[in-house]
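Visitor: Sharing protein01.cif below, mmCIF, C-alpha atoms:
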data_start
loop_
_atom_site.label_atom_id
_atom_site.label_comp_id
_atom_site.auth_asym_id
_atom_site.auth_seq_id
_atom_site.Cartn_x
_atom_site.Cartn_y
_atom_site.Cartn_z
CA MET A 21 88.88 101.76 132.03
CA ASN A 22 87.07 99.70 129.40
CA THR A 23 84.81 101.21 126.76
CA ALA A 24 81.51 100.31 128.44
CA LYS A 25 82.62 101.85 131.76
CA THR A 26 83.90 104.95 130.00
CA ILE A 27 80.58 105.40 128.19
CA ARG A 28 78.61 104.95 131.45
CA ARG A 29 80.81 107.49 133.22
CA LEU A 30 80.45 109.88 130.29
CA ARG A 31 76.65 109.60 130.44
CA GLN A 32 76.74 110.36 134.16
CA LEU A 33 78.85 113.44 133.53
CA VAL A 34 76.56 114.66 130.75
CA ASP A 35 73.50 114.09 132.96
CA GLN A 36 75.13 116.13 135.74
CA PHE A 37 75.95 119.00 133.42
CA PRO A 38 72.66 120.96 133.92
CA ASP A 39 73.28 120.94 137.68
CA LYS A 40 76.44 123.02 137.25
CA LYS A 41 75.65 126.69 137.69
CA ARG A 42 78.98 128.48 138.07
CA ASN A 43 81.21 129.06 135.07
CA LYS A 44 84.15 127.54 136.91
CA ASP A 45 82.16 124.33 137.56
CA LEU A 46 80.89 124.24 133.96
CA LEU A 47 84.42 124.58 132.60
CA SER A 48 85.81 121.96 134.98
CA HIS A 49 82.98 119.56 134.09
CA THR A 50 83.45 120.21 130.36
CA LEU A 51 87.17 119.40 130.65
CA LEU A 52 86.34 116.16 132.46
CA ILE A 53 83.87 115.20 129.72
CA LYS A 54 86.50 116.07 127.11
CA ALA A 55 89.02 113.75 128.81
CA PHE A 56 86.57 110.84 128.71
CA VAL A 57 85.74 111.53 125.06
CA GLU A 58 89.46 111.54 124.25
CA ASP A 59 89.81 108.17 126.03
CA LEU A 60 87.01 106.78 123.87
CA GLN A 61 88.61 108.18 120.73
CA ALA A 62 91.92 106.55 121.65
CA GLU A 63 90.19 103.19 122.24
CA PHE A 64 88.35 103.41 118.92
CA GLN A 65 91.61 104.31 117.17
CA LYS A 66 93.30 101.24 118.68
CA ARG A 67 90.49 99.06 117.35
CA GLU A 68 90.76 100.65 113.92
CA ASP A 69 94.53 100.18 113.91
CA LYS A 70 94.13 96.48 114.80
CA GLU A 71 91.61 95.97 111.99
CA THR A 72 93.86 97.78 109.54
CA ALA A 73 96.86 95.70 110.61
CA LYS A 74 94.85 92.51 110.19
CA ALA A 75 93.77 93.59 106.70
CA GLU A 76 97.37 94.45 105.81
CA LYS A 77 98.52 91.01 106.93
CA LYS A 78 96.04 89.45 104.56
CA LYS A 79 97.15 91.62 101.63
CA ILE A 80 100.74 90.53 101.71
CA ILE A 81 100.32 87.29 99.73
CA LYS A 82 97.22 88.04 97.65
CA LYS A 83 98.97 87.80 94.29
CA ALA A 84 100.81 84.59 95.18
CA LEU A 85 97.64 83.04 96.61
CA ARG A 86 95.61 83.92 93.50
CA GLN A 87 98.32 82.42 91.28
CA LEU A 88 98.28 79.25 93.38
CA LEU A 89 94.50 78.92 93.13
CA VAL A 90 94.51 79.52 89.36
CA ALA A 91 97.19 76.85 88.93
CA LEU A 92 95.21 74.40 91.09
CA ASP A 93 92.08 75.14 89.03
CA LYS A 94 94.02 74.17 85.90
CA ILE A 95 95.05 70.90 87.52
CA PHE A 96 91.45 70.29 88.61
CA GLU A 97 90.27 70.53 84.98
CA ARG A 98 92.12 67.28 84.23
CA HIS A 99 92.50 65.73 87.68
CA GLU A 100 89.39 66.14 89.82
CA GLU A 101 90.95 64.06 92.59
CA ILE A 102 92.77 67.22 93.66
CA GLY A 103 89.58 67.97 95.60
CA ASP A 104 89.71 64.66 97.52
CA THR A 105 90.18 64.91 101.28
CA ASP A 106 93.47 62.99 101.25
CA VAL A 107 94.97 65.29 98.62
CA ARG A 108 93.67 68.41 100.38
CA GLU A 109 95.23 67.32 103.68
CA LYS A 110 98.60 66.61 102.07
CA MET A 111 98.57 69.93 100.24
CA PHE A 112 97.66 71.73 103.45
CA ALA A 113 100.51 69.97 105.27
CA ALA A 114 102.86 71.33 102.59
CA ILE A 115 101.54 74.87 103.13
CA HIS A 116 101.64 74.38 106.89
CA PHE A 117 105.27 73.24 107.05
CA GLY A 118 106.41 75.45 104.20
CA PHE A 119 104.71 78.71 105.18
CA ILE A 120 102.31 78.80 108.14
CA LYS A 121 104.58 77.08 110.65
CA PRO A 122 107.81 76.65 108.71
CA LYS A 123 109.77 73.53 109.56
CA ARG A 124 113.52 73.80 109.14
CA GLY A 125 114.75 71.63 106.28
CA TYR A 126 111.20 70.79 105.15
CA LYS A 127 110.98 69.33 101.64
CA LEU A 128 107.76 68.95 99.72
CA PRO A 129 106.69 65.33 99.37
CA ALA A 130 106.82 63.73 95.94
CA LYS A 131 103.28 62.35 96.28
CA PHE A 132 100.08 64.10 97.24
CA GLY A 133 97.60 61.26 96.74
CA MET A 134 96.83 62.04 93.12
CA PHE A 135 95.88 59.14 90.84
CA SER A 136 99.01 59.38 88.70
CA GLU A 137 102.64 60.33 89.06
CA PRO A 138 102.37 63.16 86.48
CA ALA A 139 99.45 64.64 88.45
CA ASP A 140 101.49 64.45 91.69
CA LYS A 141 104.33 66.25 89.89
CA LEU A 142 101.95 69.01 88.81
CA VAL A 143 100.75 69.54 92.38
CA HIS A 144 104.33 69.45 93.65
CA ALA A 145 105.43 72.07 91.11
CA VAL A 146 102.52 74.40 91.87
CA LEU A 147 103.06 74.24 95.64
CA GLN A 148 106.79 74.68 95.24
CA GLU A 149 106.22 77.75 93.07
CA PHE A 150 103.90 79.21 95.71
CA LEU A 151 106.31 78.56 98.58
CA ARG A 152 109.16 80.18 96.60
CA HIS A 153 107.09 83.18 95.49
CA PRO A 154 108.71 86.47 96.63
CA GLU A 155 105.51 87.56 98.44
CA VAL A 156 105.43 84.30 100.41
CA LEU A 157 109.12 84.50 101.28
CA ALA A 158 108.65 88.09 102.47
CA ALA A 159 105.52 87.16 104.44
CA ARG A 160 107.37 84.40 106.28
CA LYS A 161 109.62 87.10 107.73
CA LEU A 162 107.11 89.93 108.14
CA LEU A 163 104.29 87.92 109.71
CA LYS A 164 105.69 86.91 113.07
CA THR A 165 103.19 84.26 114.19
CA PRO A 166 101.66 81.15 112.62
CA GLU A 167 98.25 82.74 113.26
CA ASP A 168 99.19 85.79 111.20
CA ARG A 169 100.46 83.61 108.36
CA MET A 170 97.31 81.47 108.56
CA THR A 171 95.16 84.62 108.34
CA ALA A 172 97.08 85.75 105.27
CA PHE A 173 96.71 82.35 103.61
CA GLN A 174 93.01 82.01 104.42
CA ASP A 175 92.08 85.22 102.65
CA ASP A 176 88.40 85.01 101.65
CA ASP A 177 88.81 87.94 99.27
CA VAL A 178 91.12 86.01 96.95
CA GLU A 179 89.18 84.05 94.35
CA THR A 180 89.74 82.85 90.83
CA ARG A 181 87.47 83.63 87.87
CA VAL A 182 85.46 80.50 88.66
CA SER A 183 85.05 81.60 92.30
CA THR A 184 87.55 79.14 93.74
CA SER A 185 89.04 80.15 97.08
CA PHE A 186 91.65 78.64 99.41
CA PHE A 187 88.79 76.74 101.07
CA ASP A 188 88.13 74.65 97.96
CA TYR A 189 91.62 73.14 98.01
CA PHE A 190 92.73 73.45 101.62
CA GLY A 191 89.66 73.71 103.84
CA TYR A 192 89.39 76.19 106.67
CA SER A 193 90.79 76.27 110.17
CA SER A 194 90.36 78.91 112.87
CA LYS A 195 93.93 78.32 114.03
CA PRO A 196 97.04 76.59 112.71
CA ARG A 197 96.47 72.86 112.87
CA VAL A 198 98.66 70.45 114.73
CA ILE A 199 99.95 68.06 112.10
#
Is it possible to express this structure as structure tokens?
Guide:
Amino acid sequence: MNTAKTIRRLRQLVDQFPDKKRNKDLLSHTLLIKAFVEDLQAEFQKREDKETAKAEKKKIIKKALRQLLVALDKIFERHEEIGDTDVREKMFAAIHFGFIKPKRGYKLPAKFGMFSEPADKLVHAVLQEFLRHPEVLAARKLLKTPEDRMTAFQDDDVETRVSTSFFDYFGYSSKPRVI
């Protein structure tokens, strides 16, 4: 029975309670109400467990994600083109194939659309460091689906000192993109 139906049935039982006159009927009715309350408690606990699990999935790469964002901020100080759409899409593809939906044998590209080769090398090094971070390697195994890994990567709570989040460098998607 879903929550709304359980609550309706519980209200009906509570409304019928004053009609019960005999102790045996009162006890029986009370036990029935108790059973419905326990069903509600179990449903609420399931919801809480799902929310907790979702929060735990996000936590797993917080440190690695923060380090990535700080490193990208440093690159941005000298190379603002890191915020360009083309660069963002190429960096996201690297995260996608390296972490979210790992592709066997995937190698980071040498170029990310930066204006100079040294800037491309900086981006390459930062992304490579992120993808090799112990938290990220562990998360690839612990988080079973691309959606779970996407949720962990798109953690709104992780920001740098200048309030940069994953969104600033990678954009946002409600589900893993098809690339």
Visitor: Using the chain letters and numbers from the file, which residues does the PyMOL selection byres ((chain A and resi 151-167) around 12) grab, as an MDAnalysis selection string?
Guide: chainID A and resid 73:74 76:88 111 114:123 126:128 144:150 168:174 193:198
Visitor: In terms of the shortest atom-to-atom distance over all atoms listed in the file, which of A:Val182, A:Asp59, A:Gln32, A:Leu51 is closest to A:Glu97?
Guide: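 Of all the options, A:Val182 lies closest to A:Glu97.
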Visitor: Using all atoms listed in the file, pick whichever of A:Thr180, A:Asp175, A:Asn43, A:Thr23 has the shortest atom-to-atom distance to A:Glu58.
Guide: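 The closest residue to A:Glu58 is A:Thr23.
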Visitor: Tell me, in Å to one decimal, how far atom CA of A:Glu179 is from atom CA of A:Gly133.
Guide: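 That distance, rounded to one decimal, is 24.4 Å.
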Visitor: Pick out the residues sitting within 12 Å of A:Asp106, and hand them over as a list in words; count only C-alpha atoms, and ignore anything fewer than 3 positions along from it in its own chain.
Guide: Glu101, Ile102, Gly103, Glu109, Lys110, Met111, Phe112, Ala113, Lys131, Phe132, Gly133, Met134, Phe135, Tyr189, Phe190 and Gly191 of chain A
Visitor: Please evaluate the PyMOL selection byres ((chain A and resi 29) around 12) against the displayed coordinates and give the resulting residues as a list in words.
Guide: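 What the PyMOL selection byres ((chain A and resi 29) around 12) grabs from the file is Met21, Asn22, Thr23, Ala24, Lys25, Thr26, Ile27, Arg28, Leu30, Arg31, Gln32, Leu33, Val34, Asp35, Gln36, Leu52, Ile53, Lys54, Ala55, Phe56, Val57, Asp59 and Leu60 of chain A.
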Visitor: What does the distance from atom CA of A:His49 to atom CA of A:Gln65 come to in Å, to one decimal?
Guide: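 These two atoms are separated by 24.4 Å.
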Visitor: Counting only C-alpha atoms, which of A:Glu100, A:Asp93, A:Glu63, A:Asp140 gets nearest to A:Arg181?
Guide: A:Asp93
Visitor: By how many Å are atom CA of A:Thr105 and atom CA of A:Ser183 apart?
Guide: 19.6 Å
Visitor: With N, CA and C atoms as the atom set, please write stretch 31-56 of chain A from the structure just given, as an mmCIF file, in the first residue's frame.
Guide:
data_model
loop_
_atom_site.group_PDB
_atom_site.id
_atom_site.type_symbol
_atom_site.label_atom_id
_atom_site.label_comp_id
_atom_site.auth_asym_id
_atom_site.auth_seq_id
_atom_site.Cartn_x
_atom_site.Cartn_y
_atom_site.Cartn_z
ATOM 1 N N ARG A 31 -6.569 7.249 8.973
ATOM 2 C CA ARG A 31 -7.575 8.249 9.386
ATOM 3 C C ARG A 31 -8.933 7.596 9.607
ATOM 4 N N GLN A 32 -9.296 6.688 8.699
ATOM 5 C CA GLN A 32 -10.577 5.982 8.848
ATOM 6 C C GLN A 32 -10.596 5.205 10.168
ATOM 7 N N LEU A 33 -9.507 4.520 10.449
ATOM 8 C CA LEU A 33 -9.437 3.730 11.681
ATOM 9 C C LEU A 33 -9.522 4.614 12.915
ATOM 10 N N VAL A 34 -8.831 5.741 12.894
ATOM 11 C CA VAL A 34 -8.871 6.666 14.032
ATOM 12 C C VAL A 34 -10.282 7.225 14.194
ATOM 13 N N ASP A 35 -10.933 7.575 13.084
ATOM 14 C CA ASP A 35 -12.299 8.099 13.142
ATOM 15 C C ASP A 35 -13.282 7.061 13.691
ATOM 16 N N GLN A 36 -13.018 5.785 13.440
ATOM 17 C CA GLN A 36 -13.900 4.722 13.919
ATOM 18 C C GLN A 36 -13.659 4.373 15.391
ATOM 19 N N PHE A 37 -12.574 4.827 15.920
ATOM 20 C CA PHE A 37 -12.178 4.453 17.276
ATOM 21 C C PHE A 37 -13.258 4.751 18.332
ATOM 22 N N PRO A 38 -13.895 5.949 18.323
ATOM 23 C CA PRO A 38 -14.911 6.227 19.351
ATOM 24 C C PRO A 38 -16.118 5.285 19.295
ATOM 25 N N ASP A 39 -16.334 4.648 18.144
ATOM 26 C CA ASP A 39 -17.469 3.741 18.004
ATOM 27 C C ASP A 39 -17.242 2.408 18.721
ATOM 28 N N LYS A 40 -16.004 2.125 19.038
ATOM 29 C CA LYS A 40 -15.666 0.847 19.692
ATOM 30 C C LYS A 40 -15.952 0.967 21.186
ATOM 31 N N LYS A 41 -16.780 0.080 21.685
ATOM 32 C CA LYS A 41 -17.208 0.166 23.087
ATOM 33 C C LYS A 41 -16.562 -0.914 23.951
ATOM 34 N N ARG A 42 -16.418 -2.114 23.411
ATOM 35 C CA ARG A 42 -15.883 -3.213 24.215
ATOM 36 C C ARG A 42 -14.359 -3.162 24.228
ATOM 37 N N ASN A 43 -13.787 -3.565 25.336
ATOM 38 C CA ASN A 43 -12.331 -3.571 25.473
ATOM 39 C C ASN A 43 -11.659 -4.421 24.399
ATOM 40 N N LYS A 44 -12.267 -5.542 24.097
ATOM 41 C CA LYS A 44 -11.723 -6.433 23.073
ATOM 42 C C LYS A 44 -11.673 -5.708 21.724
ATOM 43 N N ASP A 45 -12.727 -4.989 21.376
ATOM 44 C CA ASP A 45 -12.773 -4.246 20.109
ATOM 45 C C ASP A 45 -11.772 -3.093 20.116
ATOM 46 N N LEU A 46 -11.659 -2.405 21.259
ATOM 47 C CA LEU A 46 -10.702 -1.301 21.375
ATOM 48 C C LEU A 46 -9.271 -1.807 21.191
ATOM 49 N N LEU A 47 -8.954 -2.932 21.822
ATOM 50 C CA LEU A 47 -7.614 -3.492 21.704
ATOM 51 C C LEU A 47 -7.335 -3.938 20.273
ATOM 52 N N SER A 48 -8.275 -4.617 19.672
ATOM 53 C CA SER A 48 -8.125 -5.075 18.288
ATOM 54 C C SER A 48 -7.918 -3.888 17.350
ATOM 55 N N HIS A 49 -8.719 -2.860 17.534
ATOM 56 C CA HIS A 49 -8.634 -1.657 16.695
ATOM 57 C C HIS A 49 -7.292 -0.938 16.911
ATOM 58 N N THR A 50 -6.862 -0.877 18.161
ATOM 59 C CA THR A 50 -5.577 -0.243 18.486
ATOM 60 C C THR A 50 -4.430 -0.981 17.808
ATOM 61 N N LEU A 51 -4.485 -2.324 17.815
ATOM 62 C CA LEU A 51 -3.435 -3.113 17.161
ATOM 63 C C LEU A 51 -3.431 -2.895 15.650
ATOM 64 N N LEU A 52 -4.592 -2.736 15.077
ATOM 65 C CA LEU A 52 -4.694 -2.460 13.640
ATOM 66 C C LEU A 52 -4.091 -1.089 13.330
ATOM 67 N N ILE A 53 -4.415 -0.102 14.135
ATOM 68 C CA ILE A 53 -3.839 1.244 13.958
ATOM 69 C C ILE A 53 -2.320 1.166 14.097
ATOM 70 N N LYS A 54 -1.855 0.423 15.093
ATOM 71 C CA LYS A 54 -0.416 0.280 15.311
ATOM 72 C C LYS A 54 0.271 -0.317 14.080
ATOM 73 N N ALA A 55 -0.363 -1.301 13.460
ATOM 74 C CA ALA A 55 0.214 -1.940 12.261
ATOM 75 C C ALA A 55 0.354 -0.928 11.121
ATOM 76 N N PHE A 56 -0.648 -0.089 10.934
ATOM 77 C CA PHE A 56 -0.584 0.919 9.883
ATOM 78 C C PHE A 56 0.487 1.977 10.189
#
